[in-house]
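Worksheet for the structure shown next.
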Amino acid sequence: MENASTKFEIDKLNLFYGSFQALIDIDMTIYTNKITALIGPSGCGKSTFIRTLNRMNDLILGVKTTGLVKFDEMDIYAVDYDVINLRKKVGMVFQKPNPFPKTIFENIVYGPKVHGEKNRDKLQEIVEKTLKEVALWEEVKDRLHKPALGLSGGQQQRLCIARCLAVEPEVILMDEPTSALDPVATSKIESLLEELVEKYTIVIVTHNMQQAGRVSDYTSFFLSGKVLETDKTEIIFSNPTNKKTEEYITGRFG
Amino acid sequence: MENASTKFEIDKLNLFYGSFQALIDIDMTIYTNKITALIGPSGCGKSTFIRTLNRMNDLILGVKTTGLVKFDEMDIYAVDYDVINLRKKVGMVFQKPNPFPKTIFENIVYGPKVHGEKNRDKLQEIVEKTLKEVALWEEVKDRLHKPALGLSGGQQQRLCIARCLAVEPEVILMDEPTSALDPVATSKIESLLEELVEKYTIVIVTHNMQQAGRVSDYTSFFLSGKVLETDKTEIIFSNPTNKKTEEYITGRFG
Amino acid sequence: MKAYEKIVEKLIIVCAIISTISVVLITVFIFRSGLPILMNYGVIDFIFGTNWSPTNGNYGILPLIAGTLSVTLGALIIGVPMGIASAIILSEILPGKVARVFKSAIELLAGIPSVVYGFFGLIVLVPAIRTFILPIVQLVVPKATTTGFSIFAGAIILAIMILPTIVSISENSIKAVPREFREASLALGANKMETIVRVIIPAAKSGIIASIILGMGRAIGETMAVILITGNMPKIPGGPLDSVATLTGTIAMEMGYADATHQQALFAVGIILFMIIMLLNAIAQISAHGLRGNN
Amino acid sequence: GAKTEPTATGLTGKVVVAGSTSVQPLSEELASAFMDINPDVTIEIQGGGSGVGIKAAQDKIADFGSSSRELKAEEKATIANEYVIAKDGVAVVLDPANTVTDLSLDQIKQIFTGKITNWKEVGGADAPIVVVSREEGSGTRGAFVEITKVSEKDAAGTAVDNTTKDALVQPSTGAVKTTVANTPNTIGYISIGALDDTVKAIKVEGIDATEANVLAGDYKISRPFLYLSNTELTPAAQAFLDFILSAEGQAIVAKDFIPVQ
Amino acid sequence: MIKKIKQGAFYGSIGLLAFLVMISLLSIMGYILFNGVGHINLEFLTKEPRSMGREGGIFSVIIGTLILTLFSVLIATPIGVAAAIFFTEYSAGKKWVGPIRFFTEILAGIPSIIFGLFGFAFFVIFLGLGWSILSGGLTLAIMILPTLIRATEESLKTVPMSYREGSLSLGATKLQTITRVIIPSCLPGILTGIILGVGRAIGETAAVMLTAGSNLRMPTSLLDSTRTMSVHLYTLASEGISLEKTFATASLLIIIVLIINTAANAITSKYIIKS
Amino acid sequence: MSARPQMDHEMAIILNELLEMGARVEDAIRLAIKSLKEKDSALARKIIDDDQIIDDLEDAIRDKCIKFMARQQPLAGDLRMTISILQMIRDMERIGDHCEDISKYTLRLENEHYIKELIDIPRMAEMAAKMVKDSLDSFVGKDLKLARRVWKSDEEVDEIFRNINDELLDLMAKDPAKVKQSVMFTFIAAHIERIADYATNICEETVFAIEGDFHMEQIEEV
Amino acid sequence: MSARPQMDHEMAIILNELLEMGARVEDAIRLAIKSLKEKDSALARKIIDDDQIIDDLEDAIRDKCIKFMARQQPLAGDLRMTISILQMIRDMERIGDHCEDISKYTLRLENEHYIKELIDIPRMAEMAAKMVKDSLDSFVGKDLKLARRVWKSDEEVDEIFRNINDELLDLMAKDPAKVKQSVMFTFIAAHIERIADYATNICEETVFAIEGDFHMEQIEEV
C-alpha cells in the first residue's frame, strides 16, 4: 500500500479454543513504524489476534494455532522460537493499567532486571529515559520510590507503557489501552501514541472507533474471527469497501 | 429555552462529602420528555449530581446537601418528603447491568411486588408491556423464567431498563448506562432511549461525548463540581459558549 | 535457567501432592485399622446397632450417631439464626467502625481453643442448665430430669463454636453481592429490609448454605468440648436435656483404654465419621460452586 | 526409645511411662523423687489410659506401660513382664448432700445395672439415682464392675458388662469426681487415692473405703497398679523400677495408695 | 403501616440475635478472664508445673506449645505455599489436578480426632517416633496444611491476572513472574495464613494428645513428648485438678489468641490499605 | 430496525428541506423565464423577494447539517452524504441568485418591446430546470444513471447557449438599437447556462456521495 | 501541549494547501487580466491549462477535509472551520473557472484592436484579487476586522462594475462595430464582479468559523 517495511506478516492464521475457531484464515501485514488499529464488535477475535503476536495466547489452555505469523521474517510459532526473546521485542500494554504493586522505579526496572541488567546507574538512566518518553517524568520524578498504585489511572497506563519501553521493544501491542480511562487521560495516551510511532511499531485493539480513526494509520475490521477489510484508516472511515465495515463504522451494525 | 415543562428544578445545590465539596452551586433545569446529558471529566461531579435526583446519595455516610432540588415543584430534600415514593417516580439505571440473580420475570416484577402488586395476571401484563417497551420481548419471551444472568450484557441492561419501567417512573436516571457495553449493544440502548423519551424524562451521565451528542436534547458540562455550561446539545457540540467546554468537546482539555 | 525452572516446578508439584498423600495415608491407616471389624461385625449391624458396649463385644454406633446428630442439629438450630443475623448486621447495618469491632470479636471466637469452650460449658453451662433451665422445663413436663450434661449444653457450646464459621462465610457471601444489586433495589423504591430479604439474602443463598454446611462439619468433628459437657451416655436420646455420647467424643475418650478389638471399633467409628464429613464436604463444595456458577 | 549411657556421675537416659490416668499421678510423684536423685535421667509420664499403656508396652513405644486393671488373658500372652507397683481401692462416691452412707455390694450392683433407680429404695431421699461411670475400657471400670458383679459371665462364659445405659460416662477419675461433686443424686466410683472432701465416700458392706481396709482385705473393691514391659529394661528403667519397689518408693506410694511391699 | 411493623420486627429480631452473639462472647471471655487473669503471675509463667499442674506454673507447657507450633508451621509453610502456588499457577490444564484439589479439600474437612488417630497409628507407632514433638508437629503440620493452602491460594487469587500478563509480556519467565511479582504482592496473605495455622495448632487438643503425648516436663529434643496448653487445659478441666490453674491457663490461651488475631488483623488491614 | 433511528430521522428532515429548496429553485427558474416571457413585473419582483426564502433555506439546511455532524458524527457514506448536501445547497443558493439576476433583467426590460420572440431561452431554461430537478432526484434517490443523464444533457444546454449567443451577436451587429436587449438576453442565457452547470455539479455530488469519488465517466457502464 | 497534535498537524496541512490554492487563484485573476491587457495569448492559454491545477487542489483539499472529518471527528470550532474550508474551496474553484472564462475572451480578442484602453477592468480585477487574498488571510489569521473590510469593499467593486457596464452600453449604442468587444468586456467585468462576490462569501466563512454565525453587521463594532 505504501512504501513501508513490514514488521509482521500473517498468513492464513487460524486459531482454535478447543473446538471453537476464534480466528479464521487471517492474512495481515503490519507495517514498521505505523499504528495499526484492530476494530470490530465484541468477540470478533481482535483481542485474540493481538495476543497471537507475542504468543500471550500460550497462557490459555487448549489453544491451537495454524498458519504463519512472521516477525522480522521469522515464524514465531516455530518450535525452536525463543518466546522470551519475542516478548522482549514485542511489548504489550493491557486494557486495565496493571502496574505491579511496587514503586514507580521498580516497575520500570522490572523488565531490565529480569533480563539481567544490574547496574544501578544504567537502571536509573532507563527510568528517566522511558518516563520522559511517555511524558511522565515531570509528574513523577520526585516520587520515583513511591508506590505506583498511588498514581491516577491515566498515569498508571503511561507508566505501563514506560515499563514496556524499558525492555527496548520494537513493537508495542495495545489491547484497548484506554477503555478504562476517562476522555482526558485517553487523549493524553493518544497524543503519546502519535509520538511513540516515530520509534516503534504499534498495534492497537480498540472498541472506540473514533480512537481508531484518530490515531491509526491502518485499520483492520474484524468480524466473527475474520478480517473483513484492512486499509488505510482514512479510507476505512470515509469510504470503506465492505458493506459490513460501513455498517459497523456508521453504527448501523447488528 | 424551548416550550417544555420542567421536571426538576435545581437551585444552588451544594453537596459535601465530609469536608470535600463535590457539587458547587448547581443551578439546572431538567425538562419533561427530554434527554438531558451530563458530561465532564472524571471526578467532575456528574455522577454525584445525578444521584442527588433520587437521593441515592443518602446511602453514603457523611453526605450533606444544601440548596433546592425540586421535583414536580416539591423540594425532595424536605424533611417529610417520601423518599420511597421519589425513587418510585425517579428510576435509575446503572453503569454495569445489574439484574438480580433471579429469573427475567422475577426481575421485572420485583418493583411492582415491593410496592404491593400481587395479582399474577397484572404482573404478567407488566412484564410483557415493559419488555416490549425495551424491545426485548421477542428475544426473551420463551425464557422468562430462566435466570436473567444468562442474557448478554446489552440484553441485561435493557432488562434493567424494563425493570425500572415496571414501577412506572416519570424520570429515568442513567449513570453511564453503556460504558460496560460494546458498540453494538450501545447503539441498541441509544435507539431505545430515543423511543423512551416519548414517555419519560431521561437524565444520562456519560463519558462518551459522542453519545451525549447522539442521544440528548440538552447537555450540561460539569467541571470540578460546577456546571460550566448547559444548552441544547446541538449548540454545545457545534458552538459552545464556554472556552473550557469547547476544549473538552474537541479533546484539547487538560 | 530452563532446567532450574523445571526442577523448581517439580518440587512445587511434589508439595501439592503431599496433601493427597496425607489423605491417602490417613484413609489407608484408618481403614486398615477399622475395616476388619466393620466387615466382621457387619456394616449394617455396626451402623444401626443400638448397643455400644465394646467390652461386651457390642459395637452398635447408632446411639453415637444419634448423639452426634442431635447435638449438631441443636447447634444449627441455635447457631444458624444467630449467625445469619450477625452476618446481616455486620455487612448491611452496622457502620464500618462498629462492624469492624464486632467482626474482630467474632474472629476471636473462632480462635479460642475448643477446650476453653468445653471448660466454660462444664463449669458454667452444665450447672446452669441443672439449676435454672430444669425448673422451668419442669413447669411444663413435671417428670423431666437432667444432670445438666445434655444435648442442650452441647448444642449451645457448639452453636457458639460454629458461629464464626457461619458468620464469616455468610458475611463474605453477602458482601460479595454486588453493590449494584442494593442500589438497583433501592432505586426501585424498595426499603432496606425488602432489599435485604428479597435481594441480598437470595443472592447470597448458596454461600449461606455452604456456611451452614461447613459449620455443621465443624460441629460434627468437634471433640474435646463435647466430651466435657454432653455426659457421654451411649444411648439414643429422648429429649434435648438428655445426655448423649458423640462419635468423636467416644473415640477420644475410649481410645486410651481400648484393647485391640475395641481400638479397631473406634477406628471404624472414625471411618463412619470420615464418611459423614466427606458427604458434607461434597455438599458444601457443590453449593459453593453453585454460587460461582450463578455469578 | 530409651537410651542409657552410664557416666561418671551416675545414670543418664530417658524412661517413658505411658498409660492409665489413675496411675499417672503416682507415677509423676515417683518420677519427681527419682529424678531428684538422678538428675541426668528424664522420666516422661504419659496419660492415655490403661489401653494405651498395654498397647505402649506391646508395641514397645514406652519403657513401661501402666495399667490400673488386671490384664485379660489374651493380653497377658503378649506382655513379657508385669510389675505390681501399688494397689488401689475403688471408692464408691456420692455427692456430699446425699444422706445415704452405706451400700451393700449387691445394692451397688443393682444401682449400676439400673435395677434400682431411686435413692429411696436404698434408704435415701425420693430422688432418681444418677449413675456416673467410666468409659468403656477404663481400668477402674474394669476392676469395679468385676468386683461388684456388674459384669457377669453369660451362658457362653464371656464376661458381660451390664452397666446401665443411663449412666453418665466420664473419661477420667478427676472427671467422675468433679461430676459427682457438682451433680445432685449422683453415684460414681473413683480411686481411693483421689478421694477428697468434695465427694462423699460410702461404706461398702459396712466397711469404710480406706487404704488400711484395702490393705487388710476388708474393703472389697480394689485393683492393682501395674507397670508392663515387653523389652529388656534399660539401666535407667531398671533403676526407676528398683526405686519404686524400694522402701523409699513405696513410702511415696503409701501417701495416697497402698504399698505392695 | 404494615411495612413499618414488619420492619420493626425484622430489625428487632436480627438485632436481638446479634446481641446474643455478643453476649455469649462477652460472657465466655469475661467469665474466664475475670476468674483467670488474677492467677496469671510471674510464677505461673516461669515455673514448671508440679503435682500434675496442681502447683507451680506452666512454663514447660508454654515452651512445649511454642516449639510444637513453630515446628509444625515450619514444616507446613513451605509445603503449603508451594502447593498453593501449584494450584493457582501451574495447575491449569493438568487433568490430575482435580483429584489433588479434591483431596486437599477433604483434608480441610477431616475432624481433628481423625488426624489424631492417624498420627497415632502412623507417626507414633508405624514410624516408631513415639509420642514426640516430631509426631505431634508432623500431625499438626498436615492438619494446618489445608488452612495454609487455602489462605495462600485466596491471596494468590487476589493477585490480578494482569500482573502475570504484565510480567510475562515483558519477557519474564513463569518462575520469575512468581517469585518477583506474585509472591511479594501476596506476602501479607501468606502471613495471615501462617498466623491462622498457628492459631489452629495452638488450639488443637485431641490430635496433639494422641501424638505428642502429655508429658509435663520440659522437652529437650524433638523426640521428647510434650504437653501443649490446650492439652494441659483439657487435663486440668476434666480431672478437676485445680480450678484456679485451669482458669489461668484458659485465660492465657485467650490472651494469646487475642494477640494472634490482632497481629493478623494488623497485617491484613495494612495490606488492604496498600492495595 | 436501523440502529440509528434518530440519525436517520434527522437526515430525512434535511433531505426533505433539500427537496423543498430544490423545488423552490426549480420554480424560480421556470417563473423567472415565465415572467421574462410574459413581461410580468409583479412575478419578477416576487422572484426577487422570494430568493430570500431560498437563502434562508440554505442557511437552515447548512445549520442542520453542521448540527447533524456535531451530534451524530457521521462516517463513511453518511459523512459523504452530509458533505455533498453542504456543497449542493451552496450551488442551489447560487441558482436562486441567478434567477434573481434574470428577474432583474426582466424588470429592466419591462417597458420594451422584445426584439425577437423568445423561444430558445425558455427551452434552455426548461432544460436547466429539469436538470436541477433530476439532479436532486438522483441524489435523494441514489440514482446514478439519472445523474449521468443529467450530466450528459449539460452538453445540449451548452449547445443551445452557443446558438443563442451567436444569434444575438448577429442581431447586435446588424442593428445597434437591439444591442441593449441583446446584451441582456446574452446575460440571461449565460445565467441559465451557469444554472445548468450547477445542476451537473449536483449530479457529481450524487456520484460522490454514493461512490466516494467523482468518476462520472465510469457510470455509463452501469 | 495541545492534546491533539495529530489533528492540529492535519489541519495545518489543509490550511497550507488552502493558502496555496488561494495564491494560485489570486495569480490567476491577475494574470488573466494581464494577458487580456497585453493580449498575451500564451499566458491566457496557460491560465486555462493551469485551472486544472486549481481544480485538483480543490479535490485534494476536499478529500483531506473529508478524511480529516472521518478520522478526527472535529467538533465545535474545529468542525465549523472544516466545513467553512469545504465551502470556500468550492468558491475558489469557481473563481478559477471565471479566470478561465476571462482568458477565453482574451483568446477571442487576440487579433482585435481594443476599442478602448482597459483601465477600470484591471483596477476592478486588482481589487478582486486583493479581496480574495485578504479574505483567505482573514480566515487563516482569524482576523474578523479584515474580513469585515473585504466584505465592505465588495460595494466598491459593484460600483465600478456598474460604471463599466454603463460605459460599455453607451459605446455599443453609439457604434455597432464595438458591440462584440463591448459585450465581451461586459462579460469580463461581470466575471470579476462575481469573483469579488466569492471573496465576500469567503469572508463570511471566516466569521462563521470563528463566531458560529454570519452576523457580519456586528463585526464593525469590534
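Just so we're on the same page: first chain in the C-alpha cells is A, next is B, and so on; residues restart at 1 for each chain, and ligands are numbered from 1 in the order they show up.
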
Give me every helix (DSSP H, G or I) residue in range 163-233 of chain A, going by DSSP on the backbone, as a tab-separated table (two decimals) with all heavy atoms, in the first residue's frame.
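Below you can see selection-v1.tsv, which holds the result:
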chain	number	residue	atom	x	y	z
A	163	ARG	N	7.13	1.09	31.24
A	163	ARG	CA	7.67	-0.19	31.68
A	163	ARG	C	7.96	-1.09	30.48
A	163	ARG	O	8.95	-1.81	30.42
A	163	ARG	CB	6.65	-0.86	32.61
A	163	ARG	CG	7.11	-2.16	33.20
A	163	ARG	CD	6.08	-2.70	34.15
A	163	ARG	NE	4.85	-3.07	33.48
A	163	ARG	CZ	3.74	-3.48	34.10
A	163	ARG	NH1	3.71	-3.54	35.41
A	163	ARG	NH2	2.67	-3.80	33.42
A	164	CYS	N	7.03	-1.00	29.54
A	164	CYS	CA	7.15	-1.78	28.32
A	164	CYS	C	8.33	-1.26	27.48
A	164	CYS	O	9.11	-2.04	26.94
A	164	CYS	CB	5.82	-1.65	27.59
A	164	CYS	SG	5.75	-2.29	25.97
A	165	LEU	N	8.50	0.06	27.43
A	165	LEU	CA	9.60	0.63	26.65
A	165	LEU	C	10.96	0.28	27.25
A	165	LEU	O	11.97	0.23	26.54
A	165	LEU	CB	9.47	2.16	26.58
A	165	LEU	CG	8.20	2.71	25.93
A	165	LEU	CD1	8.27	4.23	25.87
A	165	LEU	CD2	8.02	2.13	24.54
A	183	PRO	N	-11.99	10.50	29.24
A	183	PRO	CA	-11.60	11.12	27.97
A	183	PRO	C	-10.30	11.92	28.05
A	183	PRO	O	-9.51	11.93	27.11
A	183	PRO	CB	-12.78	12.03	27.65
A	183	PRO	CG	-13.93	11.46	28.37
A	183	PRO	CD	-13.37	10.83	29.61
A	184	VAL	N	-10.07	12.58	29.17
A	184	VAL	CA	-8.89	13.41	29.26
A	184	VAL	C	-7.63	12.55	29.27
A	184	VAL	O	-6.69	12.77	28.49
A	184	VAL	CB	-8.95	14.31	30.52
A	184	VAL	CG1	-7.66	15.10	30.66
A	184	VAL	CG2	-10.15	15.23	30.43
A	185	ALA	N	-7.64	11.51	30.12
A	185	ALA	CA	-6.49	10.61	30.16
A	185	ALA	C	-6.33	9.92	28.81
A	185	ALA	O	-5.21	9.72	28.33
A	185	ALA	CB	-6.68	9.58	31.26
A	186	THR	N	-7.46	9.57	28.20
A	186	THR	CA	-7.42	8.93	26.89
A	186	THR	C	-6.71	9.80	25.87
A	186	THR	O	-5.84	9.34	25.13
A	186	THR	CB	-8.86	8.65	26.40
A	186	THR	OG1	-9.47	7.76	27.33
A	186	THR	CG2	-8.85	8.03	25.02
A	187	SER	N	-7.04	11.07	25.86
A	187	SER	CA	-6.45	11.89	24.82
A	187	SER	C	-4.96	12.08	25.07
A	187	SER	O	-4.18	12.22	24.13
A	187	SER	CB	-7.18	13.23	24.67
A	187	SER	OG	-6.82	14.10	25.69
A	188	LYS	N	-4.54	12.01	26.34
A	188	LYS	CA	-3.09	12.07	26.59
A	188	LYS	C	-2.38	10.85	26.03
A	188	LYS	O	-1.32	10.95	25.44
A	188	LYS	CB	-2.82	12.17	28.10
A	188	LYS	CG	-3.04	13.57	28.61
A	188	LYS	CD	-2.39	13.78	29.97
A	188	LYS	CE	-2.67	15.20	30.43
A	188	LYS	NZ	-2.71	15.30	31.88
A	189	ILE	N	-3.00	9.69	26.24
A	189	ILE	CA	-2.39	8.46	25.70
A	189	ILE	C	-2.36	8.54	24.18
A	189	ILE	O	-1.37	8.17	23.54
A	189	ILE	CB	-3.19	7.21	26.15
A	189	ILE	CG1	-3.25	7.10	27.67
A	189	ILE	CG2	-2.64	5.95	25.50
A	189	ILE	CD1	-2.08	6.43	28.31
A	190	GLU	N	-3.43	9.06	23.61
A	190	GLU	CA	-3.47	9.13	22.14
A	190	GLU	C	-2.36	10.02	21.61
A	190	GLU	O	-1.69	9.69	20.62
A	190	GLU	CB	-4.84	9.61	21.68
A	190	GLU	CG	-5.92	8.55	21.85
A	190	GLU	CD	-7.30	9.04	21.43
A	190	GLU	OE1	-7.41	10.17	20.90
A	190	GLU	OE2	-8.28	8.30	21.64
A	191	SER	N	-2.16	11.18	22.26
A	191	SER	CA	-1.08	12.04	21.77
A	191	SER	C	0.25	11.32	21.91
A	191	SER	O	1.13	11.45	21.05
A	191	SER	CB	-0.97	13.35	22.55
A	191	SER	OG	-2.14	13.69	23.18
A	192	LEU	N	0.37	10.59	23.01
A	192	LEU	CA	1.61	9.85	23.25
A	192	LEU	C	1.87	8.86	22.11
A	192	LEU	O	2.98	8.77	21.59
A	192	LEU	CB	1.49	9.13	24.59
A	192	LEU	CG	2.65	8.28	25.02
A	192	LEU	CD1	3.91	9.10	25.10
A	192	LEU	CD2	2.35	7.65	26.38
A	193	LEU	N	0.81	8.15	21.71
A	193	LEU	CA	0.95	7.18	20.63
A	193	LEU	C	1.54	7.83	19.39
A	193	LEU	O	2.40	7.28	18.72
A	193	LEU	CB	-0.42	6.59	20.26
A	193	LEU	CG	-1.06	5.66	21.28
A	193	LEU	CD1	-2.29	5.02	20.66
A	193	LEU	CD2	-0.07	4.59	21.68
A	194	GLU	N	1.03	9.04	19.11
A	194	GLU	CA	1.48	9.72	17.90
A	194	GLU	C	2.98	10.03	17.95
A	194	GLU	O	3.63	10.12	16.92
A	194	GLU	CB	0.65	10.99	17.69
A	194	GLU	CG	-0.77	10.63	17.27
A	194	GLU	CD	-1.79	11.73	17.50
A	194	GLU	OE1	-1.38	12.88	17.75
A	194	GLU	OE2	-3.00	11.46	17.43
A	195	GLU	N	3.49	10.17	19.20
A	195	GLU	CA	4.93	10.39	19.30
A	195	GLU	C	5.70	9.07	19.25
A	195	GLU	O	6.76	8.98	18.65
A	195	GLU	CB	5.25	11.14	20.60
A	195	GLU	CG	4.93	12.61	20.48
A	195	GLU	CD	4.89	13.30	21.83
A	195	GLU	OE1	5.68	12.92	22.70
A	195	GLU	OE2	4.05	14.20	22.00
A	196	LEU	N	5.14	8.06	19.93
A	196	LEU	CA	5.85	6.78	20.02
A	196	LEU	C	6.03	6.13	18.65
A	196	LEU	O	7.00	5.42	18.42
A	196	LEU	CB	5.09	5.81	20.93
A	196	LEU	CG	5.10	6.16	22.41
A	196	LEU	CD1	4.24	5.17	23.18
A	196	LEU	CD2	6.51	6.16	22.96
A	209	MET	N	-14.22	3.39	18.05
A	209	MET	CA	-13.91	3.61	16.65
A	209	MET	C	-13.28	4.96	16.39
A	209	MET	O	-12.37	5.10	15.61
A	209	MET	CB	-15.18	3.51	15.83
A	209	MET	CG	-15.34	2.16	15.23
A	209	MET	SD	-16.94	1.93	14.55
A	209	MET	CE	-17.93	2.99	15.52
A	210	GLN	N	-13.80	5.95	17.12
A	210	GLN	CA	-13.23	7.28	16.96
A	210	GLN	C	-11.74	7.26	17.24
A	210	GLN	O	-10.95	7.92	16.58
A	210	GLN	CB	-13.92	8.28	17.91
A	210	GLN	CG	-15.29	8.73	17.45
A	210	GLN	CD	-16.35	7.69	17.71
A	210	GLN	OE1	-16.20	6.84	18.58
A	210	GLN	NE2	-17.45	7.73	16.97
A	211	GLN	N	-11.38	6.45	18.24
A	211	GLN	CA	-9.97	6.37	18.58
A	211	GLN	C	-9.17	5.76	17.43
A	211	GLN	O	-8.12	6.29	17.07
A	211	GLN	CB	-9.81	5.52	19.83
A	211	GLN	CG	-8.39	5.35	20.25
A	211	GLN	CD	-8.31	4.77	21.64
A	211	GLN	OE1	-8.54	3.59	21.84
A	211	GLN	NE2	-8.02	5.61	22.61
A	212	ALA	N	-9.68	4.68	16.89
A	212	ALA	CA	-9.00	4.07	15.76
A	212	ALA	C	-8.80	5.12	14.68
A	212	ALA	O	-7.72	5.26	14.10
A	212	ALA	CB	-9.82	2.90	15.22
A	213	GLY	N	-9.86	5.91	14.43
A	213	GLY	CA	-9.77	6.95	13.42
A	213	GLY	C	-8.69	7.96	13.75
A	213	GLY	O	-7.87	8.32	12.91
A	214	ARG	N	-8.70	8.40	14.99
A	214	ARG	CA	-7.78	9.47	15.37
A	214	ARG	C	-6.32	9.05	15.30
A	214	ARG	O	-5.48	9.80	14.83
A	214	ARG	CB	-8.09	9.93	16.80
A	214	ARG	CG	-9.34	10.78	16.91
A	214	ARG	CD	-9.42	11.42	18.27
A	214	ARG	NE	-9.61	10.44	19.33
A	214	ARG	CZ	-10.79	10.12	19.85
A	214	ARG	NH1	-11.89	10.68	19.40
A	214	ARG	NH2	-10.87	9.23	20.81
A	215	VAL	N	-6.02	7.87	15.81
A	215	VAL	CA	-4.60	7.58	15.99
A	215	VAL	C	-3.95	6.69	14.93
A	215	VAL	O	-2.75	6.73	14.76
A	215	VAL	CB	-4.30	6.95	17.37
A	215	VAL	CG1	-4.78	7.86	18.48
A	215	VAL	CG2	-4.92	5.58	17.49
A	233	THR	N	-6.50	3.93	7.36
A	233	THR	CA	-7.58	4.32	8.26
A	233	THR	C	-8.52	5.34	7.63
A	233	THR	O	-9.74	5.25	7.73
A	233	THR	CB	-6.98	4.91	9.55
A	233	THR	OG1	-6.18	3.91	10.14
A	233	THR	CG2	-8.07	5.33	10.51

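The list of chain G residues within 9 Å of chain F is Ile66, Met69, Ala70, Arg71, Gln73, Pro74, Leu75, Ala76, Leu79, Arg80, Ile83, Leu86, Gln87, Arg90, Leu169, Met172, Ala173, Lys174, Asp175, Pro176, Ala177, Lys178, Val179, Lys180, Val183, Thr186 and Phe187 of chain G; this uses only C-alpha atoms.
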
Excluding range 234-239 of chain C and any residue of its chain fewer than 5 positions from it, enumerate the residues within 6 Å of it, using only C-alpha atoms, and give them as an MDAnalysis selection string. chainID C and resid 63:64 244:245

For the residues in that selection, give me all heavy atoms as a PDB file, in the first residue's frame.
ATOM      1  N   PRO C  63     -26.463 -45.117  68.685  1.00  0.00           N
ATOM      2  CA  PRO C  63     -26.580 -44.102  69.746  1.00  0.00           C
ATOM      3  C   PRO C  63     -25.566 -42.984  69.562  1.00  0.00           C
ATOM      4  O   PRO C  63     -25.882 -41.820  69.808  1.00  0.00           O
ATOM      5  CB  PRO C  63     -26.268 -44.888  71.026  1.00  0.00           C
ATOM      6  CG  PRO C  63     -26.507 -46.306  70.692  1.00  0.00           C
ATOM      7  CD  PRO C  63     -26.208 -46.464  69.248  1.00  0.00           C
ATOM      8  N   LEU C  64     -24.378 -43.360  69.109  1.00  0.00           N
ATOM      9  CA  LEU C  64     -23.357 -42.322  68.916  1.00  0.00           C
ATOM     10  C   LEU C  64     -23.729 -41.406  67.753  1.00  0.00           C
ATOM     11  O   LEU C  64     -23.586 -40.182  67.820  1.00  0.00           O
ATOM     12  CB  LEU C  64     -21.997 -42.962  68.645  1.00  0.00           C
ATOM     13  CG  LEU C  64     -21.526 -44.031  69.624  1.00  0.00           C
ATOM     14  CD1 LEU C  64     -20.126 -44.516  69.250  1.00  0.00           C
ATOM     15  CD2 LEU C  64     -21.540 -43.483  71.050  1.00  0.00           C
ATOM     16  N   VAL C 244     -25.897 -37.498  75.909  1.00  0.00           N
ATOM     17  CA  VAL C 244     -25.594 -38.330  74.745  1.00  0.00           C
ATOM     18  C   VAL C 244     -24.093 -38.506  74.639  1.00  0.00           C
ATOM     19  O   VAL C 244     -23.320 -37.740  75.215  1.00  0.00           O
ATOM     20  CB  VAL C 244     -26.065 -37.697  73.419  1.00  0.00           C
ATOM     21  CG1 VAL C 244     -27.563 -37.805  73.270  1.00  0.00           C
ATOM     22  CG2 VAL C 244     -25.590 -36.254  73.306  1.00  0.00           C
ATOM     23  N   ALA C 245     -23.705 -39.530  73.884  1.00  0.00           N
ATOM     24  CA  ALA C 245     -22.303 -39.672  73.523  1.00  0.00           C
ATOM     25  C   ALA C 245     -22.188 -39.402  72.038  1.00  0.00           C
ATOM     26  O   ALA C 245     -23.102 -39.709  71.278  1.00  0.00           O
ATOM     27  CB  ALA C 245     -21.829 -41.077  73.833  1.00  0.00           C
TER      28      ALA C 245
END

I'd like a table as a tab-separated table: residues in chain C with an atom no more than 8 Å from chain E, each row giving the shortest atom pair and its distance in Å to one decimal, only C-alpha atoms counted, sorted by chain and rising residue number.
residue	atom	partner	partner_atom	distance
C:Glu5	CA	E:Leu175	CA	6.6
C:Ile12	CA	E:Ala82	CA	5.1
C:Ile13	CA	E:Phe86	CA	6.3
C:Cys15	CA	E:Ile79	CA	5.0
C:Ala16	CA	E:Ala83	CA	3.9
C:Ile17	CA	E:Ile100	CA	6.5
C:Ile18	CA	E:Ile79	CA	7.8
C:Ser19	CA	E:Thr104	CA	5.6
C:Thr20	CA	E:Phe103	CA	5.3
C:Ser22	CA	E:Ile142	CA	7.0
C:Val23	CA	E:Leu107	CA	6.2
C:Ile26	CA	E:Phe118	CA	5.6
C:Phe29	CA	E:Phe118	CA	6.4
C:Ile30	CA	E:Phe118	CA	6.4
C:Pro81	CA	E:Leu17	CA	7.2
C:Met82	CA	E:Leu17	CA	4.9
C:Gly83	CA	E:Ala18	CA	7.6
C:Ala85	CA	E:Ile14	CA	4.8
C:Ser86	CA	E:Ala18	CA	4.7
C:Ile88	CA	E:Ile14	CA	7.9
C:Ile89	CA	E:Ala18	CA	7.2
C:Phe102	CA	E:Met22	CA	7.8
C:Ser104	CA	E:Asn261	CA	7.8
C:Ala105	CA	E:Leu25	CA	7.6
C:Ile106	CA	E:Leu25	CA	7.8
C:Glu107	CA	E:Asn261	CA	7.4
C:Leu108	CA	E:Leu258	CA	6.5
C:Leu109	CA	E:Leu25	CA	6.8
C:Gly111	CA	E:Val257	CA	5.8
C:Ile112	CA	E:Ile254	CA	6.0
C:Pro113	CA	E:Gly203	CA	4.1
C:Ser114	CA	E:Gly203	CA	6.8
C:Val115	CA	E:Tyr234	CA	5.9
C:Val116	CA	E:Ala250	CA	5.9
C:Tyr117	CA	E:Ile28	CA	7.8
C:Phe119	CA	E:Ala237	CA	6.1
C:Phe120	CA	E:Ile28	CA	6.8
C:Ile160	CA	E:Ser24	CA	7.5
C:Met193	CA	E:Gln7	CA	6.3
C:Gly217	CA	E:Gly109	CA	7.1
C:Arg218	CA	E:Pro111	CA	7.4
C:Ile220	CA	E:Pro111	CA	7.9
C:Gly221	CA	E:Pro111	CA	4.5
C:Glu222	CA	E:Pro111	CA	6.8
C:Thr223	CA	E:Ile113	CA	6.9
C:Met224	CA	E:Ala206	CA	6.6
C:Leu228	CA	E:Ser238	CA	6.8
C:Thr248	CA	E:Ile113	CA	6.6
C:Ile251	CA	E:Ile113	CA	7.6
C:Ala252	CA	E:Ala206	CA	6.8
C:Phe267	CA	E:Leu117	CA	7.5
C:Gly270	CA	E:Ile114	CA	6.3
C:Phe274	CA	E:Ile110	CA	6.7
C:Ile277	CA	E:Gly109	CA	6.5
C:Met278	CA	E:Ile106	CA	6.6
C:Asn281	CA	E:Gly109	CA	6.6

| said: List the spatial neighbours of Ile204 in chain A as a list in words - criterion: any atom at most 9 Å away, only C-alpha atoms, same-chain residues fewer than 5 positions off excluded. | reply: Ile35, Thr36, Ala37, Leu38, Ile39, Ile50, Ile172, Leu173, Met174, Asp175, Glu176, Pro177, Ala212 and Ser216 of chain A
